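The next block is entry.txt, given as compact mmCIF, C-alpha atoms.
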# COMPACT_ATOMS: atom_id res chain seq x y z
CA MET A 1 0.00 0.00 0.00
CA THR A 2 1.41 3.37 -0.93
CA ARG A 3 1.94 6.05 1.69
CA PHE A 4 -0.70 8.10 -0.14
CA ASN A 5 -3.39 5.40 0.24
CA SER A 6 -2.26 4.62 3.78
CA HIS A 7 -2.94 8.18 4.94
CA MET A 8 -6.44 8.17 3.46
CA LYS A 9 -7.11 4.81 5.15
CA HIS A 10 -6.18 6.46 8.46
CA ALA A 11 -8.58 9.32 7.69
CA LEU A 12 -11.32 6.76 7.03
CA ILE A 13 -10.61 5.11 10.39
CA GLN A 14 -10.98 8.51 12.04
CA ALA A 15 -14.27 9.04 10.20
CA LYS A 16 -15.57 5.67 11.42
CA ASN A 17 -14.54 6.56 14.96
CA ALA A 18 -16.43 9.85 14.64
CA ALA A 19 -19.56 7.97 13.56
CA LYS A 20 -19.27 5.71 16.62
CA ARG A 21 -19.30 8.87 18.77
CA GLY A 22 -22.45 10.07 16.98
CA GLU A 23 -20.56 12.68 14.97
CA VAL A 24 -20.85 13.21 11.22
CA PRO A 25 -18.26 10.72 9.94
CA VAL A 26 -15.47 12.89 8.62
CA GLY A 27 -11.85 12.08 9.36
CA ALA A 28 -8.62 13.91 8.66
CA VAL A 29 -4.89 13.22 8.82
CA LEU A 30 -2.21 15.90 8.56
CA VAL A 31 1.18 14.73 7.33
CA SER A 32 4.59 16.42 7.17
CA GLY A 33 6.58 16.59 3.95
CA SER A 34 8.67 13.65 5.15
CA GLY A 35 5.52 11.54 5.64
CA GLU A 36 5.28 11.79 9.43
CA VAL A 37 1.71 11.83 10.71
CA LEU A 38 1.47 15.02 12.76
CA ALA A 39 -2.20 14.76 13.70
CA GLU A 40 -5.27 12.67 13.00
CA ASN A 41 -8.82 13.18 14.21
CA GLY A 42 -12.47 13.02 13.32
CA ASN A 43 -15.31 15.48 13.77
CA ARG A 44 -15.99 16.36 17.41
CA THR A 45 -18.54 19.19 17.19
CA ARG A 46 -21.09 17.48 19.43
CA GLU A 47 -18.59 16.04 21.86
CA LEU A 48 -16.85 19.38 22.39
CA ASN A 49 -19.95 21.56 21.93
CA ASP A 50 -17.91 23.46 19.38
CA PRO A 51 -19.22 24.16 15.86
CA THR A 52 -15.63 24.69 14.67
CA ALA A 53 -14.44 21.25 15.82
CA HIS A 54 -14.37 19.82 12.30
CA ALA A 55 -11.74 17.15 11.67
CA GLU A 56 -9.69 19.48 9.46
CA VAL A 57 -9.58 22.29 12.01
CA LEU A 58 -8.67 19.90 14.82
CA VAL A 59 -5.69 18.43 12.96
CA ILE A 60 -4.48 21.85 11.84
CA ARG A 61 -4.61 23.08 15.45
CA GLU A 62 -2.78 20.02 16.74
CA ALA A 63 -0.06 20.14 14.09
CA CYS A 64 0.50 23.88 14.59
CA SER A 65 0.81 23.31 18.34
CA LYS A 66 3.17 20.37 17.87
CA LEU A 67 5.40 22.30 15.45
CA GLN A 68 5.03 25.62 17.32
CA THR A 69 4.06 27.53 14.15
CA GLU A 70 0.94 28.90 12.50
CA ARG A 71 2.15 27.92 9.03
CA LEU A 72 2.23 24.35 7.75
CA THR A 73 3.80 25.03 4.36
CA ASP A 74 5.39 21.60 3.95
CA CYS A 75 2.33 19.63 5.07
CA ASP A 76 -0.46 17.71 3.37
CA LEU A 77 -4.03 17.13 4.54
CA TYR A 78 -6.00 13.96 3.85
CA VAL A 79 -9.72 14.26 4.57
CA THR A 80 -12.65 11.99 3.76
CA LEU A 81 -15.05 14.76 2.67
CA GLU A 82 -14.56 17.94 0.67
CA PRO A 83 -13.79 20.66 3.21
CA CYS A 84 -16.51 23.19 3.98
CA PRO A 85 -15.86 26.93 3.46
CA MET A 86 -14.70 27.40 7.08
CA CYS A 87 -12.21 24.55 6.79
CA ALA A 88 -11.05 25.74 3.36
CA MET A 89 -10.23 29.13 4.88
CA ALA A 90 -8.33 27.45 7.72
CA ILE A 91 -6.40 25.39 5.15
CA SER A 92 -5.53 28.58 3.27
CA ALA A 93 -4.51 30.42 6.45
CA ALA A 94 -2.30 27.50 7.52
CA ARG A 95 -0.68 27.50 4.05
CA LEU A 96 -1.02 23.74 3.61
CA ARG A 97 0.86 22.41 0.61
CA ARG A 98 -1.71 19.86 -0.61
CA VAL A 99 -5.24 18.72 0.16
CA TYR A 100 -6.43 15.23 -0.74
CA TYR A 101 -10.12 14.53 -0.19
CA GLY A 102 -12.56 11.72 -0.75
CA ALA A 103 -16.23 12.48 -1.30
CA ALA A 104 -17.48 15.65 -2.93
CA ASP A 105 -19.93 17.69 -0.86
CA PRO A 106 -22.50 19.33 -3.18
CA LYS A 107 -24.46 20.73 -0.22
CA SER A 108 -21.72 22.19 1.98
CA GLY A 109 -18.41 21.92 0.15
CA GLY A 110 -16.14 24.91 -0.12
CA ILE A 111 -13.49 23.86 -2.63
CA ALA A 112 -15.09 22.43 -5.79
CA GLN A 113 -18.67 23.19 -4.75
CA GLY A 114 -20.40 26.25 -3.37
CA PRO A 115 -18.19 29.29 -2.78
CA ARG A 116 -14.99 27.67 -4.13
CA ILE A 117 -12.83 29.41 -1.53
CA PHE A 118 -9.51 28.82 -3.28
CA ALA A 119 -10.78 30.52 -6.45
CA HIS A 120 -11.37 33.82 -4.63
CA PRO A 121 -8.74 36.55 -4.83
CA GLN A 122 -9.04 36.88 -1.04
CA ALA A 123 -7.60 33.39 -0.54
CA HIS A 124 -4.16 34.04 0.94
CA HIS A 125 -2.84 30.71 -0.25
CA VAL A 126 -4.09 28.06 -2.65
CA PRO A 127 -2.90 24.51 -2.02
CA GLU A 128 -2.74 21.79 -4.63
CA VAL A 129 -6.05 19.89 -4.46
CA TYR A 130 -6.67 16.26 -5.36
CA ASP A 131 -10.22 14.93 -5.09
CA GLY A 132 -11.95 11.57 -5.35
CA ILE A 133 -9.45 9.68 -3.17
CA SER A 134 -11.33 6.69 -1.68
CA ALA A 135 -14.48 8.60 -2.61
CA GLN A 136 -16.77 5.60 -2.77
CA GLU A 137 -15.87 4.38 0.71
CA SER A 138 -16.21 7.91 2.09
CA GLU A 139 -19.62 8.38 0.43
CA GLU A 140 -20.90 5.03 1.66
CA LEU A 141 -19.86 5.84 5.22
CA LEU A 142 -21.74 9.16 5.10
CA LYS A 143 -24.85 7.68 3.47
CA SER A 144 -24.97 4.85 5.99
CA PHE A 145 -24.60 7.28 8.90
CA PHE A 146 -27.41 9.57 7.74
CA LYS A 147 -29.67 6.66 6.78
CA SER A 148 -29.38 5.33 10.34
CA ARG A 149 -30.45 8.74 11.67
CA ARG A 150 -33.68 8.92 9.65
Would it be possible to restate this file's structure as structure tokens?
Amino acid sequence: MTRFNSHMKHALIQAKNAAKRGEVPVGAVLVSGSGEVLAENGNRTRELNDPTAHAEVLVIREACSKLQTERLTDCDLYVTLEPCPMCAMAISAARLRRVYYGAADPKSGGIAQGPRIFAHPQAHHVPEVYDGISAQESEELLKSFFKSRR
């Protein structure tokens, strides 16, 4: 298994763990340029009573704290769902090098859908973006979660 696929598998594990906690199943892994996993987490908005506790924001916070910097210029983010506008802005502010995501989010996405944050001139930084990574597994996890809630 390539390092690339391995990191997305870890993000999917985090998403599954989030679902077990009753959170929307989104997982993220933040990796250094050398391939070291700096942070991994899943959504925790309900657990923490914090609407900003999306998986992406949590791993960015943890990696910045670990590295004692607000810029993660040599880091890559793997996330199971297209980041929302808030997370896209955090990604831009952190100056992440690359974003790899699984499922597209037509309702709430902020990169390829909706406001397309990285296309705005106000975006301070635009990372390389790769979509559709383990998309089917990510989509199935989300569909299953929401189906069980209805």
What lies within 12 Å of A:Pro83 using all atoms listed in the file, ignoring chain neighbours under 5 positions off, as number ranges by chain?
A: 26-28, 43, 54-57, 77-78, 88-92, 99-118, 129-131
Residues near A:Ser144, anyone? I mean within 12 Å using all atoms listed in the file, not counting same-chain ones fewer than 4 positions away, as a ChimeraX atom specification.
/A:16,19,24-25,137-140,148-150
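Restricting the calculation to only C-alpha atoms, the smallest distance between A:His10 and any of A:Ala39, A:Leu67, A:Ile60, A:Met86 is found for A:Ala39.
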A:Met8 surroundings by all atoms listed in the file, 8 Å radius, close-in-sequence under 3 positions cut, as a VMD selection string:
chain A and resid 4 to 5 11 to 12 29 78 to 80 133 to 134
Those same residues, written as a PDB file, in the coordinates of the input with C-alpha atoms?
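Result file is part_14.pdb:
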ATOM      1  CA  PHE A   4      -0.700   8.100  -0.140  1.00  0.00           C
ATOM      2  CA  ASN A   5      -3.390   5.400   0.240  1.00  0.00           C
ATOM      3  CA  ALA A  11      -8.580   9.320   7.690  1.00  0.00           C
ATOM      4  CA  LEU A  12     -11.320   6.760   7.030  1.00  0.00           C
ATOM      5  CA  VAL A  29      -4.890  13.220   8.820  1.00  0.00           C
ATOM      6  CA  TYR A  78      -6.000  13.960   3.850  1.00  0.00           C
ATOM      7  CA  VAL A  79      -9.720  14.260   4.570  1.00  0.00           C
ATOM      8  CA  THR A  80     -12.650  11.990   3.760  1.00  0.00           C
ATOM      9  CA  ILE A 133      -9.450   9.680  -3.170  1.00  0.00           C
ATOM     10  CA  SER A 134     -11.330   6.690  -1.680  1.00  0.00           C
TER      11      SER A 134
END
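Ranking A:Thr73, A:Gln122, A:Asn49, A:Ser6 by their shortest atom-to-atom distance to A:Val37, with all atoms listed in the file included, puts A:Ser6 first.
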